[in-house]
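Trainee: My structure is in entry_36.cif, and what it holds is mmCIF, C-alpha atoms:
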```cif
data_upload
loop_
_atom_site.label_atom_id
_atom_site.label_comp_id
_atom_site.auth_asym_id
_atom_site.auth_seq_id
_atom_site.Cartn_x
_atom_site.Cartn_y
_atom_site.Cartn_z
CA MET A 1 -16.69 -41.51 -31.24
CA GLU A 2 -19.29 -38.75 -30.95
CA ILE A 3 -19.88 -36.86 -34.17
CA GLY A 4 -21.25 -33.32 -33.96
CA LEU A 5 -23.48 -32.81 -36.97
CA LYS A 6 -24.12 -29.37 -38.43
CA TYR A 7 -27.43 -28.71 -40.16
CA ASN A 8 -28.17 -26.14 -42.83
CA LEU A 9 -31.88 -26.84 -43.35
CA ASP A 10 -34.43 -24.17 -42.56
CA LEU A 11 -36.71 -26.37 -40.48
CA VAL A 12 -39.59 -25.07 -38.42
CA GLU A 13 -38.09 -26.44 -35.23
CA ASP A 14 -34.59 -26.87 -33.82
CA VAL A 15 -33.15 -30.10 -35.25
CA THR A 16 -31.56 -31.05 -31.92
CA ASN A 17 -35.01 -30.99 -30.33
CA ILE A 18 -36.46 -33.12 -33.12
CA LEU A 19 -33.75 -35.76 -32.87
CA ALA A 20 -34.05 -35.91 -29.09
CA GLN A 21 -37.59 -37.18 -29.47
CA ASP A 22 -38.80 -40.66 -30.42
CA PHE A 23 -41.32 -39.26 -32.86
CA TRP A 24 -41.82 -36.06 -34.84
CA VAL A 25 -44.42 -35.21 -37.49
CA TYR A 26 -45.02 -32.25 -39.77
CA CYS A 27 -47.83 -31.71 -42.29
CA ASN A 28 -47.98 -29.57 -45.44
CA PHE A 29 -44.23 -29.11 -45.84
CA VAL A 30 -43.69 -27.04 -49.01
CA GLY A 31 -40.67 -26.88 -51.30
CA ALA A 32 -39.97 -23.23 -50.46
CA MET A 33 -39.19 -24.25 -46.86
CA ILE A 34 -36.10 -26.22 -47.84
CA PRO A 35 -33.37 -25.51 -50.41
CA GLU A 36 -32.26 -28.03 -52.98
CA ILE A 37 -29.80 -30.42 -51.32
CA SER A 38 -26.58 -31.05 -53.24
CA ASP A 39 -24.13 -31.94 -50.47
CA PRO A 40 -24.67 -35.34 -48.79
CA VAL A 41 -26.80 -35.39 -45.62
CA LYS A 42 -26.93 -38.45 -43.37
CA PHE A 43 -30.25 -39.28 -41.69
CA THR A 44 -29.95 -40.18 -38.02
CA SER A 45 -33.57 -41.41 -37.82
CA ASN A 46 -36.07 -43.18 -40.05
CA CYS A 47 -38.30 -40.92 -42.11
CA SER A 48 -41.53 -41.59 -44.01
CA ILE A 49 -42.57 -38.83 -46.42
CA PHE A 50 -45.98 -38.61 -48.07
CA VAL A 51 -45.63 -36.50 -51.22
CA LYS A 52 -49.09 -35.04 -51.84
CA GLU A 53 -48.23 -32.62 -54.66
CA GLY A 54 -45.29 -32.01 -56.98
CA GLU A 55 -42.36 -34.15 -58.02
CA GLY A 56 -38.60 -34.30 -57.80
CA LYS A 57 -35.40 -36.31 -57.73
CA VAL A 58 -33.17 -37.59 -54.94
CA GLU A 59 -30.14 -39.81 -54.49
CA ILE A 60 -30.40 -42.19 -51.54
CA ASP A 61 -27.20 -44.10 -50.79
CA LEU A 62 -25.94 -43.34 -54.30
CA LEU A 63 -29.03 -44.68 -56.06
CA SER A 64 -31.08 -42.11 -57.98
CA TYR A 65 -34.87 -41.98 -57.61
CA ASP A 66 -37.54 -39.94 -59.35
CA PHE A 67 -40.65 -39.32 -57.27
CA LYS A 68 -44.01 -37.92 -58.29
CA ALA A 69 -47.12 -37.29 -56.21
CA PRO A 70 -48.90 -39.13 -54.83
CA CYS A 71 -46.19 -41.37 -53.39
CA ILE A 72 -44.34 -42.41 -50.24
CA VAL A 73 -40.59 -41.85 -49.90
CA ASN A 74 -38.93 -43.88 -47.15
CA ILE A 75 -35.46 -43.04 -45.85
CA ARG A 76 -33.86 -45.35 -43.30
CA GLN A 77 -31.62 -44.41 -40.40
CA GLY A 78 -28.01 -44.15 -41.55
CA GLN A 79 -28.85 -43.56 -45.20
CA ILE A 80 -27.41 -40.58 -47.02
CA ILE A 81 -29.32 -38.31 -49.38
CA GLN A 82 -27.92 -35.81 -51.87
CA ASN A 83 -28.80 -34.09 -55.14
CA CYS A 84 -32.39 -33.60 -53.99
CA SER A 85 -34.56 -31.21 -56.01
CA PHE A 86 -38.27 -30.40 -56.27
CA LYS A 87 -40.57 -29.45 -59.13
CA GLY A 88 -44.05 -28.01 -59.27
CA ASN A 89 -46.16 -27.00 -56.31
CA PHE A 90 -44.40 -29.36 -53.90
CA ASN A 91 -46.31 -30.33 -50.75
CA ALA A 92 -45.50 -33.18 -48.40
CA SER A 93 -46.04 -34.47 -44.88
CA PHE A 94 -43.47 -36.49 -43.02
CA ILE A 95 -42.93 -38.58 -39.92
CA VAL A 96 -39.55 -39.01 -38.23
CA LEU A 97 -39.15 -42.20 -36.16
CA SER A 98 -36.34 -43.09 -33.78
CA LYS A 99 -34.82 -46.57 -33.71
CA ARG A 100 -36.58 -47.27 -30.40
CA PHE A 101 -39.93 -46.30 -31.87
CA CYS A 102 -39.32 -48.46 -34.97
CA ASP A 103 -38.33 -51.43 -32.81
CA ASN A 104 -41.65 -51.20 -30.98
CA LEU A 105 -43.49 -50.79 -34.27
CA PHE A 106 -41.75 -53.85 -35.68
CA LEU A 107 -43.29 -56.05 -33.00
CA LEU A 108 -46.72 -55.19 -34.41
CA LEU A 109 -45.82 -55.35 -38.10
CA LYS A 110 -43.40 -58.28 -38.33
CA ASP A 111 -46.12 -60.72 -39.37
CA SER A 112 -47.20 -58.66 -42.38
CA ASN A 113 -46.00 -60.08 -45.68
CA SER A 114 -45.65 -56.50 -46.96
CA TYR A 115 -43.43 -55.21 -44.14
CA GLY A 116 -40.20 -56.55 -45.65
CA THR A 117 -40.99 -54.92 -48.98
CA ALA A 118 -41.94 -51.65 -47.30
CA SER A 119 -38.62 -51.52 -45.46
CA LEU A 120 -36.67 -51.98 -48.71
CA GLU A 121 -38.65 -49.76 -51.09
CA ARG A 122 -37.49 -46.16 -51.23
CA VAL A 123 -40.23 -44.67 -53.46
CA THR A 124 -43.71 -46.23 -53.67
CA PRO A 125 -46.75 -44.87 -55.57
CA VAL A 126 -49.94 -44.28 -53.58
CA PRO A 127 -53.18 -45.20 -55.41
CA GLU A 128 -55.41 -42.18 -56.00
CA LYS A 129 -58.25 -43.75 -54.00
CA LEU A 130 -55.99 -43.80 -50.91
CA VAL A 131 -54.62 -40.24 -51.13
CA GLU A 132 -57.27 -38.73 -48.85
CA LYS A 133 -56.77 -41.51 -46.30
CA PHE A 134 -53.00 -40.95 -46.29
CA ASP A 135 -53.45 -37.20 -45.87
CA ASN A 136 -55.91 -37.70 -43.02
CA PHE A 137 -53.57 -40.21 -41.37
CA TYR A 138 -50.60 -37.81 -41.18
CA HIS A 139 -52.86 -35.13 -39.70
CA HIS A 140 -54.26 -37.68 -37.25
CA VAL A 141 -50.85 -38.67 -35.86
CA ARG A 142 -49.89 -35.00 -35.72
CA ASP A 143 -52.90 -34.37 -33.50
CA ILE A 144 -51.85 -37.25 -31.23
CA PHE A 145 -48.28 -35.89 -31.14
CA GLU A 146 -49.43 -32.38 -30.23
CA ASP A 147 -51.71 -33.59 -27.44
CA SER A 148 -49.31 -32.88 -24.59
CA GLN A 149 -51.96 -33.93 -22.07
CA GLY A 150 -52.25 -37.41 -23.55
CA ALA A 151 -50.67 -39.78 -21.03
CA ASN A 152 -50.72 -42.62 -23.55
CA ALA A 153 -49.73 -40.61 -26.64
CA TYR A 154 -46.69 -42.79 -27.38
CA GLN A 155 -48.73 -46.01 -27.34
CA ALA A 156 -51.49 -44.32 -29.35
CA MET A 157 -49.03 -43.33 -32.08
CA VAL A 158 -47.50 -46.81 -32.31
CA LEU A 159 -50.93 -48.41 -32.61
CA ALA A 160 -52.20 -45.73 -35.04
CA ILE A 161 -49.28 -46.31 -37.41
CA ALA A 162 -49.53 -50.11 -37.20
CA SER A 163 -53.28 -50.02 -37.78
CA PHE A 164 -52.95 -47.70 -40.78
CA PHE A 165 -50.20 -49.86 -42.30
CA TYR A 166 -52.40 -52.96 -42.17
CA GLU A 167 -55.43 -51.05 -43.45
CA CYS A 168 -53.88 -48.94 -46.24
CA GLY A 169 -50.10 -49.29 -46.38
CA THR A 170 -50.18 -52.91 -47.46
CA LYS A 171 -52.36 -51.93 -50.45
CA CYS A 172 -49.44 -49.87 -51.77
CA TYR A 173 -46.86 -52.63 -51.40
CA LEU A 174 -48.77 -55.77 -52.37
CA PRO A 175 -48.73 -54.93 -56.11
CA ILE A 176 -44.92 -54.75 -56.13
CA LEU A 177 -44.27 -58.01 -54.30
CA ASP A 178 -42.35 -60.02 -56.90
CA PRO A 179 -41.49 -63.63 -55.99
CA THR A 180 -39.98 -64.13 -59.44
CA GLN A 181 -37.48 -61.30 -59.14
CA LYS A 182 -34.37 -62.06 -61.20
CA SER A 183 -31.57 -63.69 -59.26
CA SER A 184 -29.10 -61.10 -60.61
CA SER A 185 -31.13 -58.27 -59.04
CA ARG A 186 -31.36 -60.12 -55.74
CA LEU A 187 -27.60 -60.72 -55.76
CA THR A 188 -26.91 -57.05 -56.45
CA GLU A 189 -29.24 -55.97 -53.63
CA LYS A 190 -27.50 -58.34 -51.21
CA PHE A 191 -24.09 -57.06 -52.29
CA ILE A 192 -25.01 -53.37 -51.90
CA SER A 193 -26.55 -54.12 -48.50
CA LEU A 194 -23.33 -55.83 -47.42
CA VAL A 195 -21.27 -52.88 -48.63
CA GLN A 196 -23.47 -50.46 -46.66
CA MET A 197 -22.74 -52.42 -43.48
CA ASN A 198 -19.03 -53.13 -44.01
CA PHE A 199 -17.43 -50.51 -46.27
CA LYS A 200 -15.61 -48.79 -43.39
CA LYS A 201 -13.56 -51.91 -42.67
CA GLU A 202 -13.75 -54.02 -45.82
CA ARG A 203 -12.69 -52.51 -49.14
CA PHE A 204 -11.58 -55.66 -50.94
CA LEU A 205 -13.95 -57.53 -53.25
CA GLU A 206 -12.87 -60.93 -51.94
CA PHE A 207 -14.59 -60.28 -48.61
CA TYR A 208 -17.98 -59.70 -50.27
CA ALA A 209 -17.65 -62.56 -52.73
CA LYS A 210 -16.87 -64.93 -49.86
CA LYS A 211 -19.88 -63.68 -47.89
CA LEU A 212 -22.12 -64.25 -50.91
CA GLU A 213 -20.45 -67.59 -51.70
CA ILE A 214 -19.66 -66.71 -55.31
CA SER A 215 -16.52 -65.85 -57.30
CA THR A 216 -15.27 -62.27 -57.49
CA LYS A 217 -15.56 -62.45 -61.30
CA HIS A 218 -19.24 -63.46 -61.17
CA LEU A 219 -20.01 -60.81 -58.55
CA SER A 220 -18.31 -58.02 -60.48
CA ARG A 221 -19.96 -58.99 -63.78
CA THR A 222 -23.45 -59.26 -62.25
CA VAL A 223 -23.25 -55.94 -60.40
CA LYS A 224 -21.94 -54.18 -63.51
CA GLU A 225 -24.78 -55.59 -65.64
CA THR A 226 -27.52 -54.55 -63.22
CA THR A 227 -26.24 -51.13 -62.06
CA GLY A 228 -23.73 -49.86 -64.61
CA PHE A 229 -21.02 -49.72 -61.94
CA THR A 230 -18.53 -52.41 -61.02
CA ALA A 231 -18.58 -53.96 -57.54
CA VAL A 232 -15.31 -52.16 -56.69
CA ASP A 233 -16.86 -48.88 -57.86
CA TRP A 234 -19.69 -49.38 -55.35
CA ILE A 235 -17.26 -49.92 -52.47
CA ASP A 236 -15.30 -46.79 -53.41
CA ARG A 237 -18.47 -44.74 -53.85
CA PHE A 238 -19.71 -45.58 -50.35
CA VAL A 239 -16.34 -44.73 -48.80
CA ILE A 240 -16.17 -41.39 -50.61
CA LEU A 241 -19.79 -40.55 -49.81
CA GLU A 242 -19.22 -41.17 -46.09
CA ALA A 243 -16.02 -39.12 -46.22
CA LYS A 244 -17.91 -36.22 -47.82
CA VAL A 245 -20.60 -36.35 -45.12
CA LEU A 246 -18.01 -36.29 -42.35
CA LEU A 247 -16.06 -33.46 -43.98
CA LYS A 248 -19.10 -31.28 -44.58
CA SER A 249 -21.32 -32.12 -41.61
CA THR A 250 -18.94 -32.63 -38.68
CA THR A 251 -16.06 -30.89 -36.95
CA MET A 252 -13.88 -34.00 -37.09
CA SER A 253 -10.31 -33.44 -38.28
CA VAL A 254 -9.06 -35.09 -41.48
CA GLN A 255 -6.98 -37.41 -39.30
CA GLN A 256 -10.05 -38.42 -37.28
CA ILE A 257 -12.01 -39.08 -40.47
CA SER A 258 -9.13 -41.14 -41.82
CA ASP A 259 -9.22 -43.23 -38.62
CA GLU A 260 -13.01 -43.50 -38.71
CA LEU A 261 -12.80 -44.97 -42.23
CA ASN A 262 -9.94 -47.30 -41.26
CA PHE A 263 -7.23 -45.93 -43.52
CA ASN A 264 -3.64 -46.71 -42.57
CA ASN A 265 -2.77 -43.03 -42.31
CA GLN A 266 -4.01 -39.56 -43.23
CA SER A 267 -1.73 -39.34 -46.25
CA PHE A 268 -3.18 -42.50 -47.81
CA PHE A 269 -6.70 -41.27 -47.14
CA GLY A 270 -5.89 -37.92 -48.77
CA LYS A 271 -4.53 -39.58 -51.92
CA TYR A 272 -7.53 -41.95 -52.08
CA PHE A 273 -10.00 -39.07 -51.69
CA LYS A 274 -8.27 -36.90 -54.32
CA LYS A 275 -8.10 -39.81 -56.77
CA HIS A 276 -11.88 -40.18 -56.65
CA THR A 277 -12.95 -36.52 -56.34
CA GLY A 278 -10.16 -34.49 -57.91
CA VAL A 279 -9.63 -32.41 -54.76
CA SER A 280 -8.04 -32.96 -51.36
CA PRO A 281 -10.19 -33.49 -48.24
CA LYS A 282 -9.35 -29.97 -47.00
CA GLU A 283 -10.20 -28.42 -50.36
CA PHE A 284 -13.53 -30.25 -50.39
CA ARG A 285 -14.35 -29.12 -46.83
CA ASN A 286 -13.62 -25.49 -47.70
CA SER A 287 -15.43 -25.52 -51.03
#
```
For this file, write the structure as structure tokens.

Mentor:
Amino acid sequence: MEIGLKYNLDLVEDVTNILAQDFWVYCNFVGAMIPEISDPVKFTSNCSIFVKEGEGKVEIDLLSYDFKAPCIVNIRQGQIIQNCSFKGNFNASFIVLSKRFCDNLFLLLKDSNSYGTASLERVTPVPEKLVEKFDNFYHHVRDIFEDSQGANAYQAMVLAIASFFYECGTKCYLPILDPTQKSSSRLTEKFISLVQMNFKKERFLEFYAKKLEISTKHLSRTVKETTGFTAVDWIDRFVILEAKVLLKSTTMSVQQISDELNFNNQSFFGKYFKKHTGVSPKEFRNS
């Protein structure tokens, strides 16, 4: 099913043009250019943001993150952000990468022992000694991107990003590699990852416990201890978050959204949504 997304962000370029490209870069993006984001917004591409000045907060797939310059914020394709706000003299540069571009990049980065960590970390501090190099890097790839006469611009950008990751990116992620990470945290991460992939079709805890080869009681207790929410809460939260995105950002009917989320009928979906939000799907869409 094709979903027509509506965008409310005051970007410097038409969003449809940006998403039609494999690569897009913008430098010196200031907080005044974008309003605080309260409603959920789903990212259709991967995005790497270098926060040079300022600080803020953001929820990515229901997990809350504080970020403060200098740092890198990574948002993966399909993830949903909301409750995003900025403080101070905010200034950032960002790169948007399509799945095709990332697949090509992966071929060059897959042997790095930091790549796995980089793909999982949402907010990563940048050492002060690397700030100038990061700033120069984003301007460098912007220059490649804007060189319309460059016949090999695509290849140049892939190689530039891979080279910079090996040279500087790994220095940000090596300090947070933790081979002794608690098993409870690893279990919770695996569970949340499974929910992200399966919540549209699987809303019963037994499915996830079976996948993780543990009891439902152990899974629920561990997730509650590490996140403050029960495992069932996490499933419900992902379903509701997706429903909110579809209601606010698409022209799909409530019936179509109910089908998309695999509810038995629109009535059941409406009751489920109201139970968790206090309003009906139509009331939420019109709010």

Trainee: Kindly indicate which residue among A:Phe67, A:Trp24, A:Phe29, A:Phe145 lies nearest to Cys47 (chain A), using all atoms listed in the file for the distances.

Mentor: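 For Cys47 (chain A), the nearest of the given residues is A:Trp24.
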
Trainee: Just how far from CA of Thr170 (chain A) is CA of Val126 (chain A), in Å to one decimal?

Mentor: 10.6 Å

Trainee: Find the residue from A:Gly88, A:Phe191, A:Gly31, A:Ser267 that sits nearest to Thr227 (chain A); use only C-alpha atoms when measuring.

Mentor: A:Phe191

Trainee: Do you know which residues the PyMOL selection byres ((chain A and resi 108) around 12) returns on this file, as a list in words?

Mentor: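 Listing what the PyMOL selection byres ((chain A and resi 108) around 12) selects in the shown file: Phe101, Cys102, Asp103, Asn104, Leu105, Phe106, Leu107, Leu109, Lys110, Asp111, Ser112, Tyr115, Gln155, Val158, Leu159, Ala160, Ile161, Ala162, Ser163, Phe164, Phe165 and Tyr166 of chain A.
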
Trainee: For each of A:Asp22, A:Glu167, A:Asp66, A:Glu283, take the minimum atom-to-atom distance to Lys244 (chain A), counting all atoms listed in the file, then give the residue where this is smallest.

Mentor: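 Checking each of A:Asp22, A:Glu167, A:Asp66, A:Glu283 against Lys244 (chain A), counting all atoms listed in the file, the winner is A:Glu283.
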
Trainee: Nearest to Lys275 (chain A): which of A:Arg237, A:Asn28, A:Thr251, A:Cys71 is it, counting all atoms listed in the file?

Mentor: A:Arg237

Trainee: Convert the output of the PyMOL selection byres ((chain A and resi 188) around 10) on the shown file into explicit residues, formatted as a PyMOL selection string.

Mentor: chain A and resi 183-187+189-194+219-220+222-227+231

Trainee: Take the PyMOL selection byres ((chain A and resi 79-86) around 6), apply it to the structure above, and return the hits as a list in words.

Mentor: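 With the PyMOL selection byres ((chain A and resi 79-86) around 6) on this model, the match is Glu36, Ile37, Ser38, Asp39, Pro40, Val41, Lys42, Phe43, Glu55, Gly56, Lys57, Val58, Glu59, Ile60, Asp61, Arg76, Gln77, Gly78 and Lys87 of chain A.
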
Trainee: By how many Å are CA of Phe90 (chain A) and CA of Lys133 (chain A) apart?

Mentor: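 Going from CA of Phe90 (chain A) over to CA of Lys133 (chain A) covers 18.9 Å.
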
Trainee: Which of these residues is nearest to Phe23 (chain A), using all atoms listed in the file: A:Phe284, A:Tyr154, A:Phe134, A:Tyr65?

Mentor: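 Smallest separation from Phe23 (chain A) among the options: A:Tyr154.
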
Trainee: For each of A:Asp147, A:Asp236, A:Glu53, A:Asp135, take the minimum atom-to-atom distance to Lys200 (chain A), counting only C-alpha atoms, then give the residue where this is smallest.

Mentor: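 Smallest separation from Lys200 (chain A) among the options: A:Asp236.
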
Trainee: Measure the distance from CA of His140 (chain A) to CA of Leu174 (chain A) in Å and round it to one decimal.

Mentor: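 We find that CA of His140 (chain A) and CA of Leu174 (chain A) lie 24.2 Å from each other.
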
Trainee: Excluding same-chain residues fewer than 2 positions from region 254-260 of chain A, what lies within 12 Å of it counting only C-alpha atoms, as a count of residues only?

Mentor: 37
